[in-house]
Structures are given as structure tokens and as C-alpha cells.
>>> print(open('structure.csv').read())   # CSV, C-alpha atoms and all ligand atoms
chain,number,residue,atom,x,y,z
K,197,MET,CA,10.3,-15.4,5.4
K,198,ARG,CA,13.0,-16.9,7.7
K,199,LEU,CA,12.9,-15.1,11.0
K,200,ARG,CA,16.1,-13.5,12.1
K,201,ASN,CA,16.4,-11.7,15.4
K,202,VAL,CA,17.8,-8.2,14.8
K,203,LYS,CA,19.5,-7.4,18.1
K,204,ASP,CA,19.3,-3.6,17.8
K,205,LYS,CA,15.8,-3.6,16.5
K,206,GLU,CA,14.4,-1.6,19.4
K,207,ASN,CA,17.0,1.0,18.9
K,208,VAL,CA,16.5,1.2,15.2
K,209,LEU,CA,12.7,1.6,15.5
K,210,GLU,CA,12.9,4.1,18.3
K,211,ASN,CA,15.3,6.3,16.2
K,212,ALA,CA,13.4,6.0,12.9
K,213,LYS,CA,11.7,9.3,12.4
K,214,ASN,CA,8.6,7.9,10.6
K,215,TYR,CA,8.1,4.8,12.7
K,216,ILE,CA,4.7,5.0,14.5
K,217,ASP,CA,4.4,3.4,17.9
K,218,ASN,CA,0.9,2.6,19.1
K,219,PRO,CA,-0.8,3.3,15.8
K,220,GLU,CA,-4.3,2.8,17.3
K,221,ARG,CA,-4.0,6.4,18.5
K,222,LEU,CA,-4.1,7.6,14.9
K,223,CYS,CA,-7.2,5.7,13.9
K,224,GLY,CA,-9.4,8.3,12.1
K,225,LYS,CA,-6.6,10.9,12.4
K,226,TRP,CA,-4.2,9.9,9.6
K,227,GLN,CA,-4.7,13.1,7.7
K,228,GLU,CA,-3.6,15.0,10.7
K,229,GLU,CA,-0.5,12.9,10.9
K,230,PHE,CA,0.3,13.5,7.3
K,231,LYS,CA,-0.8,17.1,7.5
K,232,ASN,CA,-2.6,16.9,4.2
K,233,ASN,CA,-5.8,15.4,2.5
K,234,ASN,CA,-3.9,13.3,0.0
K,235,ASP,CA,-4.9,9.7,-0.6
K,236,ILE,CA,-3.5,7.1,1.8
K,237,CYS,CA,-2.3,3.7,0.5
K,238,VAL,CA,-1.2,0.8,2.6
K,239,GLU,CA,1.0,-2.2,2.0
K,240,ILE,CA,0.2,-5.1,4.3
K,241,GLY,CA,3.3,-7.3,4.9
K,242,SER,CA,5.7,-4.8,3.6
K,243,GLY,CA,8.8,-6.8,4.7
K,244,LYS,CA,11.9,-4.6,4.4
K,245,CYS,CA,9.8,-1.9,2.8
K,246,HIS,CA,11.7,-1.9,-0.5
K,247,PHE,CA,8.5,-1.5,-2.6
K,248,ILE,CA,6.7,1.1,-0.4
K,249,LYS,CA,9.8,3.3,-0.1
K,250,GLN,CA,10.1,3.4,-3.9
K,251,MET,CA,6.3,4.2,-4.2
K,252,ALA,CA,6.6,7.0,-1.7
K,253,ARG,CA,9.5,8.5,-3.5
K,254,LYS,CA,7.8,8.2,-7.0
K,255,TYR,CA,4.4,9.5,-5.8
K,256,PRO,CA,5.0,12.4,-3.3
K,257,ASP,CA,1.4,13.4,-3.5
K,258,ILE,CA,0.2,10.1,-2.1
K,259,ASN,CA,0.6,9.0,1.5
K,260,PHE,CA,1.9,5.5,2.2
K,261,VAL,CA,1.7,3.3,5.3
K,262,ALA,CA,3.8,0.2,5.6
K,263,ILE,CA,2.4,-2.5,7.9
K,264,GLU,CA,4.8,-5.3,8.9
K,265,ARG,CA,4.1,-7.6,11.8
K,266,ASN,CA,7.7,-8.9,12.2
K,267,ARG,CA,9.6,-6.4,14.2
K,268,SER,CA,13.0,-7.7,13.1
K,269,VAL,CA,12.2,-7.6,9.4
K,270,LEU,CA,10.8,-4.0,9.7
K,271,ALA,CA,14.0,-3.0,11.6
K,272,LEU,CA,16.2,-4.5,8.9
K,273,GLY,CA,14.2,-2.5,6.3
K,274,LEU,CA,14.7,0.7,8.3
K,275,LYS,CA,18.5,0.0,8.5
K,276,ASN,CA,18.6,-0.1,4.7
K,277,GLU,CA,18.0,2.5,2.1
K,278,ILE,CA,17.8,4.9,5.0
K,279,GLU,CA,17.7,8.0,2.8
K,280,ASP,CA,14.0,7.1,2.1
K,281,ASN,CA,13.1,6.6,5.8
K,282,ASP,CA,12.4,10.3,6.3
K,283,LEU,CA,10.1,10.8,3.3
K,284,PRO,CA,7.2,13.1,4.5
K,285,ASN,CA,4.6,10.9,2.9
K,286,LEU,CA,5.6,7.6,4.4
K,287,ARG,CA,5.0,5.9,7.8
K,288,PHE,CA,6.1,2.5,9.2
K,289,ILE,CA,4.0,0.4,11.5
K,290,ASN,CA,4.9,-2.9,13.3
K,291,TYR,CA,1.4,-4.4,13.5
K,292,ASN,CA,-0.6,-7.5,12.7
K,293,ALA,CA,-3.1,-6.8,9.8
K,294,ALA,CA,-5.6,-9.0,11.6
K,295,LEU,CA,-6.3,-5.9,13.7
K,296,ILE,CA,-6.1,-3.4,10.8
K,297,ASP,CA,-9.6,-2.2,11.6
K,298,LYS,CA,-8.2,-0.8,14.9
K,299,ILE,CA,-5.8,1.6,13.1
K,300,PHE,CA,-7.8,3.0,10.1
K,301,ASN,CA,-11.4,4.2,10.0
K,302,ARG,CA,-12.6,4.8,6.5
K,303,GLU,CA,-9.3,6.5,5.5
K,304,VAL,CA,-7.5,4.2,2.9
K,305,LYS,CA,-7.7,4.4,-0.9
K,306,THR,CA,-5.7,1.3,-1.9
K,307,ILE,CA,-4.3,-1.8,-0.1
K,308,TYR,CA,-1.3,-3.5,-1.7
K,309,LEU,CA,-0.7,-7.2,-1.0
K,310,ASN,CA,2.7,-8.1,-2.3
K,311,PHE,CA,3.8,-11.7,-2.1
K,312,SER,CA,1.8,-12.3,1.0
K,313,ASP,CA,2.2,-15.6,2.8
K,314,PRO,CA,0.1,-18.1,0.8
K,315,TRP,CA,-0.7,-20.4,3.8
K,316,PRO,CA,-1.0,-23.4,1.5
K,317,LYS,CA,-2.7,-25.8,4.0
K,318,SER,CA,-6.4,-25.5,3.8
K,319,ARG,CA,-6.8,-25.5,7.6
K,320,HIS,CA,-4.8,-22.2,7.6
K,321,CYS,CA,-6.9,-20.6,4.8
K,322,LYS,CA,-8.3,-18.0,7.2
K,323,ARG,CA,-4.9,-16.5,7.6
K,324,ARG,CA,-4.6,-15.6,3.9
K,325,LEU,CA,-4.9,-11.9,3.5
K,326,THR,CA,-7.6,-12.2,0.8
K,327,HIS,CA,-9.8,-14.5,2.9
K,328,GLU,CA,-13.3,-13.1,3.7
K,329,VAL,CA,-12.2,-12.7,7.3
K,330,PHE,CA,-9.7,-10.0,6.2
K,331,LEU,CA,-11.9,-8.6,3.5
K,332,LYS,CA,-14.5,-7.8,6.2
K,333,LYS,CA,-11.9,-5.9,8.2
K,334,TYR,CA,-10.8,-4.0,5.1
K,335,ASP,CA,-14.4,-2.7,4.7
K,336,VAL,CA,-13.8,-0.6,7.8
K,337,VAL,CA,-10.5,0.6,6.6
K,338,PHE,CA,-11.4,1.8,3.1
K,339,LYS,CA,-12.6,5.4,2.6
K,340,ASP,CA,-15.2,4.8,-0.2
K,341,GLU,CA,-14.3,2.6,-3.1
K,342,ARG,CA,-12.4,-0.4,-2.1
K,343,LYS,CA,-9.2,-1.2,-4.1
K,344,ILE,CA,-6.9,-4.1,-3.7
K,345,ILE,CA,-3.8,-4.7,-5.7
K,346,GLN,CA,-2.1,-8.1,-5.3
K,347,LYS,CA,1.1,-9.6,-6.7
K,348,THR,CA,2.1,-13.2,-6.0
K,349,ASP,CA,4.2,-16.0,-7.4
K,350,ASN,CA,1.8,-18.6,-6.0
K,351,LEU,CA,-0.9,-19.7,-8.5
K,352,GLU,CA,-3.1,-21.5,-6.0
K,353,PHE,CA,-3.1,-18.5,-3.7
K,354,PHE,CA,-3.8,-16.3,-6.7
K,355,ALA,CA,-6.8,-18.5,-7.8
K,356,PHE,CA,-8.0,-18.5,-4.1
K,357,SER,CA,-7.8,-14.6,-4.1
K,358,ILE,CA,-9.8,-14.3,-7.3
K,359,GLU,CA,-12.6,-16.5,-6.0
K,360,SER,CA,-12.6,-14.9,-2.6
K,361,LEU,CA,-12.6,-11.4,-3.9
K,362,SER,CA,-15.3,-12.1,-6.5
K,363,LYS,CA,-17.6,-13.8,-4.0
K,364,TYR,CA,-17.2,-10.8,-1.7
K,365,GLY,CA,-18.4,-8.5,-4.5
K,366,TYR,CA,-15.1,-7.2,-5.8
K,367,VAL,CA,-14.9,-6.7,-9.6
K,368,LEU,CA,-11.6,-7.9,-11.1
K,369,GLU,CA,-10.6,-5.0,-13.2
K,370,ASN,CA,-7.3,-6.5,-14.3
K,371,VAL,CA,-5.9,-10.0,-14.0
K,372,ILE,CA,-2.3,-10.6,-15.3
K,373,VAL,CA,-1.0,-14.1,-15.4
K,374,ASP,CA,2.6,-13.3,-16.4
K,375,LEU,CA,3.6,-9.8,-15.4
K,376,GLN,CA,7.1,-10.1,-17.0
K,377,LYS,CA,5.5,-10.6,-20.4
K,378,ILE,CA,3.8,-7.2,-20.2
K,379,GLU,CA,5.7,-4.1,-21.0
K,380,ASN,CA,5.0,-2.3,-17.8
K,381,ASN,CA,7.3,0.6,-17.0
K,382,ASP,CA,5.1,1.5,-14.1
K,383,ASN,CA,5.7,-1.7,-12.2
K,384,ILE,CA,7.7,-1.2,-9.0
K,385,GLU,CA,9.3,-4.5,-8.0
K,386,THR,CA,9.3,-5.8,-4.4
K,387,GLU,CA,12.1,-7.6,-2.8
K,388,TYR,CA,10.4,-11.0,-3.2
K,389,GLU,CA,9.4,-10.2,-6.8
K,390,VAL,CA,13.1,-9.7,-7.6
K,391,LYS,CA,14.0,-13.0,-5.9
K,392,PHE,CA,11.2,-15.0,-7.7
K,393,LYS,CA,11.9,-13.5,-11.0
K,394,LYS,CA,15.5,-14.6,-10.7
K,395,LYS,CA,14.3,-18.1,-10.1
K,396,GLY,CA,12.2,-17.9,-13.3
K,397,CYS,CA,8.8,-17.9,-11.5
K,398,LYS,CA,5.8,-16.3,-13.1
K,399,ILE,CA,4.4,-13.3,-11.3
K,400,TYR,CA,0.6,-12.9,-11.1
K,401,LYS,CA,-1.1,-9.6,-10.5
K,402,LEU,CA,-4.7,-8.5,-10.0
K,403,LEU,CA,-6.5,-5.3,-9.4
K,404,ALA,CA,-9.9,-5.7,-7.6
K,405,ILE,CA,-12.4,-2.9,-6.9
K,406,LYS,CA,-15.6,-2.9,-4.9
K,407,LYS,CA,-17.8,0.3,-5.2
U,1,LIG,C1,6.9,-13.1,1.8
U,1,LIG,S1,7.1,-11.6,2.7
U,1,LIG,C2,6.9,-10.3,1.4
U,1,LIG,C3,7.5,-9.0,1.7
U,1,LIG,C4,7.3,-7.9,0.7
U,1,LIG,N1,5.9,-7.5,0.6
U,1,LIG,C5,7.9,-8.3,-0.7
U,1,LIG,O1,7.1,-8.5,-1.6
U,1,LIG,O2,9.1,-8.3,-0.8
U,1,LIG,C6,5.5,-11.5,3.6
U,1,LIG,C7,5.6,-10.5,4.7
U,1,LIG,O3,4.3,-10.3,5.2
U,1,LIG,C8,4.4,-10.2,6.6
U,1,LIG,N2,3.1,-10.6,7.2
U,1,LIG,C9,2.5,-11.8,7.1
U,1,LIG,N3,1.2,-11.7,7.7
U,1,LIG,C10,1.1,-10.5,8.1
U,1,LIG,C11,0.0,-9.8,8.9
U,1,LIG,N4,-1.1,-10.5,9.2
U,1,LIG,N5,0.2,-8.5,9.2
U,1,LIG,C12,1.3,-7.9,8.8
U,1,LIG,N6,2.4,-8.4,8.2
U,1,LIG,C13,2.2,-9.7,7.8
U,1,LIG,C14,5.5,-11.2,7.0
U,1,LIG,O4,6.1,-10.9,8.3
U,1,LIG,C15,6.5,-11.0,5.9
U,1,LIG,O5,7.4,-10.0,6.2
>>> encode(input="structure.csv", output="C-alpha cells")
Amino acid sequence: MRLRNVKDKENVLENAKNYIDNPERLCGKWQEEFKNNNDICVEIGSGKCHFIKQMARKYPDINFVAIERNRSVLALGLKNEIEDNDLPNLRFINYNAALIDKIFNREVKTIYLNFSDPWPKSRHCKRRLTHEVFLKKYDVVFKDERKIIQKTDNLEFFAFSIESLSKYGYVLENVIVDLQKIENNDNIETEYEVKFKKKGCKIYKLLAIKK
């Protein structure tokens, strides 16, 4: 994603009702934050939060946390579709997922990885969000069963994810190699998914579970 400095980002974040500053303080206390015992799902690299806002609106009985490390991108997301910013089951965090084990302690039901950066160079492979380095951190985050749902347009990254998740003990419950060919009314499109579809790219999707 091209980085663009959003000049009023501090103001936007400060005034967004569901933006969480210093999320480490909520580690182990997310149910208190949401004031219910509903499942908590997280999108890592939520960009402008187009996907997670739709999810939160569609599933009011599930709690959602958007994690985006780029402050400007998150602020842009919070300037758009603002009617969904205040949904009671949605929170926004500006955070690097490399430290995700500092903000959740056995509290998360599902992690969504939508069009995560593929880091194509092999010397950068440890930055991929499905690398073992991250899978180890996710272990601390998940409540009981571990569930990861990934969508990407990048076949090499998809293949890498399948191998990495399998080696780590995840079972691939569903692997889709062309999401558009599947009649799937449940699919909620992300911002990047819409862009890639317009370009004619195939969309790959997997559901991986580790009990
Ligand atoms: C290609 S965009 C996809 C955005 C959105 N998920 C979508 O599908 O439209 C990837 C996003 O992940 C964010 N990101 C990359 N690595 C991250 C990390 N370690 N922690 C949090 N966010 C990250 C980037 O800043 C970027 O906004």
C-alpha cells in the first residue's frame, strides 16, 4: 500500500469513539471492554477497515478488532463510512501484529488475514503473517481452537501459507483457488479484493484450524 501522510490523522483517531489507544492495557480484558462474552475476531492489516466494518454490521453478536499498523491508513478508514465507526461490537487499533501477543491473552476466536503483504523476497519471509514466527504469537492470542481465514491474490504467498500452516499443525478445512467461481453470498469483499477482481486476478482463500 502506498503510504500517504494524512495530516489530521491524530485528530481523527483521537475523536473516533471506538479507537483504542495503548491496547496493551486491555490484554486479557477484552470481554470487559465489549461488555459481553461474545466471540472476538480480529483482522490483521485491516487497511481502511472496509471489510471489518461490514462484518461488524452483519454479525452484531460477534466482536471485531481491526489491527492496522499504518496510522494514516487507519485514519483514512475512520474518515470514511463513518456511520459504522460507532458500532458497539467493533474496535480499531493502530498496532504492529508482530506484538499481537501483547494485546490478547487467549481471547480470540478467528484471525482474518486479508490481502496481507506477500513479502515476495525470501529474505523477508519472516515478515509474512503466516510465517511460523507469527503462528507462534497467534498461539497466545487464540482462546481454544485456532482458526485462520486468509484471502490473497498472490499464488506464491498462498502456497507458502498452506505449507507453513500445515507444518505448524493446522488442518486446512477449506482451500479455494478461485473464489469468484464459487457462488458465495456470504463473501464480504475487502477493499483490495475489489481492486484485484477488477484487474481480473484470481482470489485464493483458505480456512485453517488447529485444535
Ligand atoms: C495490502 S493491504 C490490505 C488491506 C485490507 N486487508 C484489504 O484487504 O483491503 C495490507 C495492510 O496490512 C497492513 N500491515 C502489514 N503488516 C502489518 C502488521 N505486521 N501489523 C499490522 N498491519 C500490517 C498494511 O499497513 C496494509 O494496510
>>> closest_atom_pairs(input="structure.csv", of="chain K", to="ligand LIG 1 (chain U)", cutoff="6 Å", atoms="all atoms listed in the file", output="JSON lines")
{"residue": "K:Met197", "atom": "CA", "partner": "U:LIG1", "partner_atom": "C1", "distance": 5.5}
{"residue": "K:Ile240", "atom": "CA", "partner": "U:LIG1", "partner_atom": "C12", "distance": 5.4}
{"residue": "K:Gly241", "atom": "CA", "partner": "U:LIG1", "partner_atom": "O3", "distance": 3.2}
{"residue": "K:Ser242", "atom": "CA", "partner": "U:LIG1", "partner_atom": "N1", "distance": 4.0}
{"residue": "K:Gly243", "atom": "CA", "partner": "U:LIG1", "partner_atom": "O5", "distance": 3.8}
{"residue": "K:Ile263", "atom": "CA", "partner": "U:LIG1", "partner_atom": "C12", "distance": 5.6}
{"residue": "K:Glu264", "atom": "CA", "partner": "U:LIG1", "partner_atom": "N6", "distance": 4.0}
{"residue": "K:Arg265", "atom": "CA", "partner": "U:LIG1", "partner_atom": "N6", "distance": 4.1}
{"residue": "K:Asn266", "atom": "CA", "partner": "U:LIG1", "partner_atom": "O4", "distance": 4.7}
{"residue": "K:Tyr291", "atom": "CA", "partner": "U:LIG1", "partner_atom": "C12", "distance": 5.9}
{"residue": "K:Asn292", "atom": "CA", "partner": "U:LIG1", "partner_atom": "N5", "distance": 3.7}
{"residue": "K:Ala293", "atom": "CA", "partner": "U:LIG1", "partner_atom": "N5", "distance": 3.8}
{"residue": "K:Ala294", "atom": "CA", "partner": "U:LIG1", "partner_atom": "N4", "distance": 5.3}
{"residue": "K:Asn310", "atom": "CA", "partner": "U:LIG1", "partner_atom": "N1", "distance": 4.4}
{"residue": "K:Phe311", "atom": "CA", "partner": "U:LIG1", "partner_atom": "O1", "distance": 4.6}
{"residue": "K:Ser312", "atom": "CA", "partner": "U:LIG1", "partner_atom": "C6", "distance": 4.6}
{"residue": "K:Asp313", "atom": "CA", "partner": "U:LIG1", "partner_atom": "C6", "distance": 5.3}
{"residue": "K:Thr386", "atom": "CA", "partner": "U:LIG1", "partner_atom": "O2", "distance": 4.4}
{"residue": "K:Glu387", "atom": "CA", "partner": "U:LIG1", "partner_atom": "O2", "distance": 3.7}
{"residue": "K:Tyr388", "atom": "CA", "partner": "U:LIG1", "partner_atom": "O2", "distance": 3.8}
{"residue": "K:Glu389", "atom": "CA", "partner": "U:LIG1", "partner_atom": "O1", "distance": 5.9}
>>> atom_distance(input="structure.csv", atom1="CA of Lys213 in chain K", atom2="CA of Val336 in chain K")
27.7 Å
>>> atom_distance(input="structure.csv", atom1="CA of Leu222 in chain K", atom2="CA of Arg253 in chain K")
22.9 Å
>>> atom_distance(input="structure.csv", atom1="CA of Phe288 in chain K", atom2="CA of Asn214 in chain K")
6.1 Å
>>> closest_residue(input="structure.csv", among="K:Ala252, K:Glu228, K:Asp257, K:Asp282", to="Tyr215 in chain K", atoms="only C-alpha atoms")
K:Asp282
>>> closest_residue(input="structure.csv", among="K:Ala404, K:Met251, K:Cys237, K:Leu209", to="Glu385 in chain K", atoms="all atoms listed in the file")
K:Met251
>>> closest_residue(input="structure.csv", among="K:Lys363, K:Lys225, K:Lys249, K:Arg267", to="Val202 in chain K", atoms="all atoms listed in the file")
K:Arg267
>>> residues_near_point(input="structure.csv", point="(-10.9, -4.1, 6.9)", cutoff="12 Å", atoms="all atoms listed in the file", output="PyMOL selection string")
chain K and resi 238+240+293-307+325-339+342-344
>>> residues_around(input="structure.csv", residues="Gly365 in chain K", least_positions_apart="6", cutoff="9 Å", atoms="all atoms listed in the file", output="PyMOL selection string")
chain K and resi 405-407
>>> closest_residue(input="structure.csv", among="K:Ser268, K:Asn276, K:Arg324, K:Arg221", to="Cys245 in chain K", atoms="all atoms listed in the file")
K:Asn276
>>> residues_around(input="structure.csv", residues="Asn234 in chain K", least_positions_apart="6", cutoff="9 Å", atoms="only C-alpha atoms", output="PyMOL selection string")
chain K and resi 227+257-259
>>> residues_around(input="structure.csv", residues="Glu277 in chain K", least_positions_apart="2", cutoff="12 Å", atoms="all atoms listed in the file", output="list in words")
Lys244, Cys245, His246, Phe247, Ile248, Lys249, Gln250, Arg253, Ala271, Leu272, Gly273, Leu274, Lys275, Glu279, Asp280, Asn281, Asp282 and Leu283 of chain K
>>> closest_residue(input="structure.csv", among="K:Lys401, K:Leu368, K:Leu270, K:Ile345", to="Asn380 in chain K", atoms="all atoms listed in the file")
K:Lys401
>>> residues_around(input="structure.csv", residues="Ile358 in chain K", least_positions_apart="4", cutoff="10 Å", atoms="only C-alpha atoms", output="PyMOL selection string")
chain K and resi 326+352-354+362-364+366-368+371+402-404
>>> write_last_selection(input="structure.csv", atoms="C-alpha atoms", output="PDB file, keeping the file's coordinate frame")
ATOM      1  CA  THR K 326      -7.600 -12.200   0.800  1.00  0.00           C
ATOM      2  CA  GLU K 352      -3.100 -21.500  -6.000  1.00  0.00           C
ATOM      3  CA  PHE K 353      -3.100 -18.500  -3.700  1.00  0.00           C
ATOM      4  CA  PHE K 354      -3.800 -16.300  -6.700  1.00  0.00           C
ATOM      5  CA  SER K 362     -15.300 -12.100  -6.500  1.00  0.00           C
ATOM      6  CA  LYS K 363     -17.600 -13.800  -4.000  1.00  0.00           C
ATOM      7  CA  TYR K 364     -17.200 -10.800  -1.700  1.00  0.00           C
ATOM      8  CA  TYR K 366     -15.100  -7.200  -5.800  1.00  0.00           C
ATOM      9  CA  VAL K 367     -14.900  -6.700  -9.600  1.00  0.00           C
ATOM     10  CA  LEU K 368     -11.600  -7.900 -11.100  1.00  0.00           C
ATOM     11  CA  VAL K 371      -5.900 -10.000 -14.000  1.00  0.00           C
ATOM     12  CA  LEU K 402      -4.700  -8.500 -10.000  1.00  0.00           C
ATOM     13  CA  LEU K 403      -6.500  -5.300  -9.400  1.00  0.00           C
ATOM     14  CA  ALA K 404      -9.900  -5.700  -7.600  1.00  0.00           C
TER      15      ALA K 404
END
>>> closest_residue(input="structure.csv", among="K:Tyr400, K:Trp226, K:Tyr308, K:Trp315", to="Thr348 in chain K", atoms="all atoms listed in the file")
K:Tyr400
>>> build_atoms(input="structure.csv", residues="range 346-359 of chain K", atoms="N, CA and C atoms", output="compact mmCIF listing (two decimals), keeping the file's coordinate frame")
# COMPACT_ATOMS: atom_id res chain seq x y z
N GLN K 346 -2.90 -6.96 -5.80
CA GLN K 346 -2.10 -8.10 -5.30
C GLN K 346 -1.12 -8.57 -6.33
N LYS K 347 0.08 -8.91 -5.83
CA LYS K 347 1.10 -9.60 -6.70
C LYS K 347 1.50 -10.85 -5.90
N THR K 348 1.68 -11.94 -6.61
CA THR K 348 2.10 -13.20 -6.00
C THR K 348 2.80 -14.08 -7.02
N ASP K 349 3.61 -14.99 -6.54
CA ASP K 349 4.20 -16.00 -7.40
C ASP K 349 3.40 -17.31 -7.30
N ASN K 350 2.42 -17.33 -6.39
CA ASN K 350 1.80 -18.60 -6.00
C ASN K 350 0.41 -18.72 -6.73
N LEU K 351 0.33 -19.61 -7.71
CA LEU K 351 -0.90 -19.70 -8.50
C LEU K 351 -2.10 -20.13 -7.71
N GLU K 352 -1.92 -21.07 -6.76
CA GLU K 352 -3.10 -21.50 -6.00
C GLU K 352 -3.61 -20.38 -5.12
N PHE K 353 -2.72 -19.63 -4.54
CA PHE K 353 -3.10 -18.50 -3.70
C PHE K 353 -3.81 -17.43 -4.61
N PHE K 354 -3.27 -17.24 -5.81
CA PHE K 354 -3.80 -16.30 -6.70
C PHE K 354 -5.28 -16.69 -7.10
N ALA K 355 -5.45 -17.97 -7.40
CA ALA K 355 -6.80 -18.50 -7.80
C ALA K 355 -7.74 -18.33 -6.56
N PHE K 356 -7.23 -18.64 -5.37
CA PHE K 356 -8.00 -18.50 -4.10
C PHE K 356 -8.47 -17.01 -4.01
N SER K 357 -7.55 -16.08 -4.24
CA SER K 357 -7.80 -14.60 -4.10
C SER K 357 -8.91 -14.22 -5.08
N ILE K 358 -8.79 -14.68 -6.31
CA ILE K 358 -9.80 -14.30 -7.30
C ILE K 358 -11.17 -14.75 -6.91
N GLU K 359 -11.25 -15.98 -6.41
CA GLU K 359 -12.60 -16.50 -6.00
C GLU K 359 -13.09 -15.76 -4.78
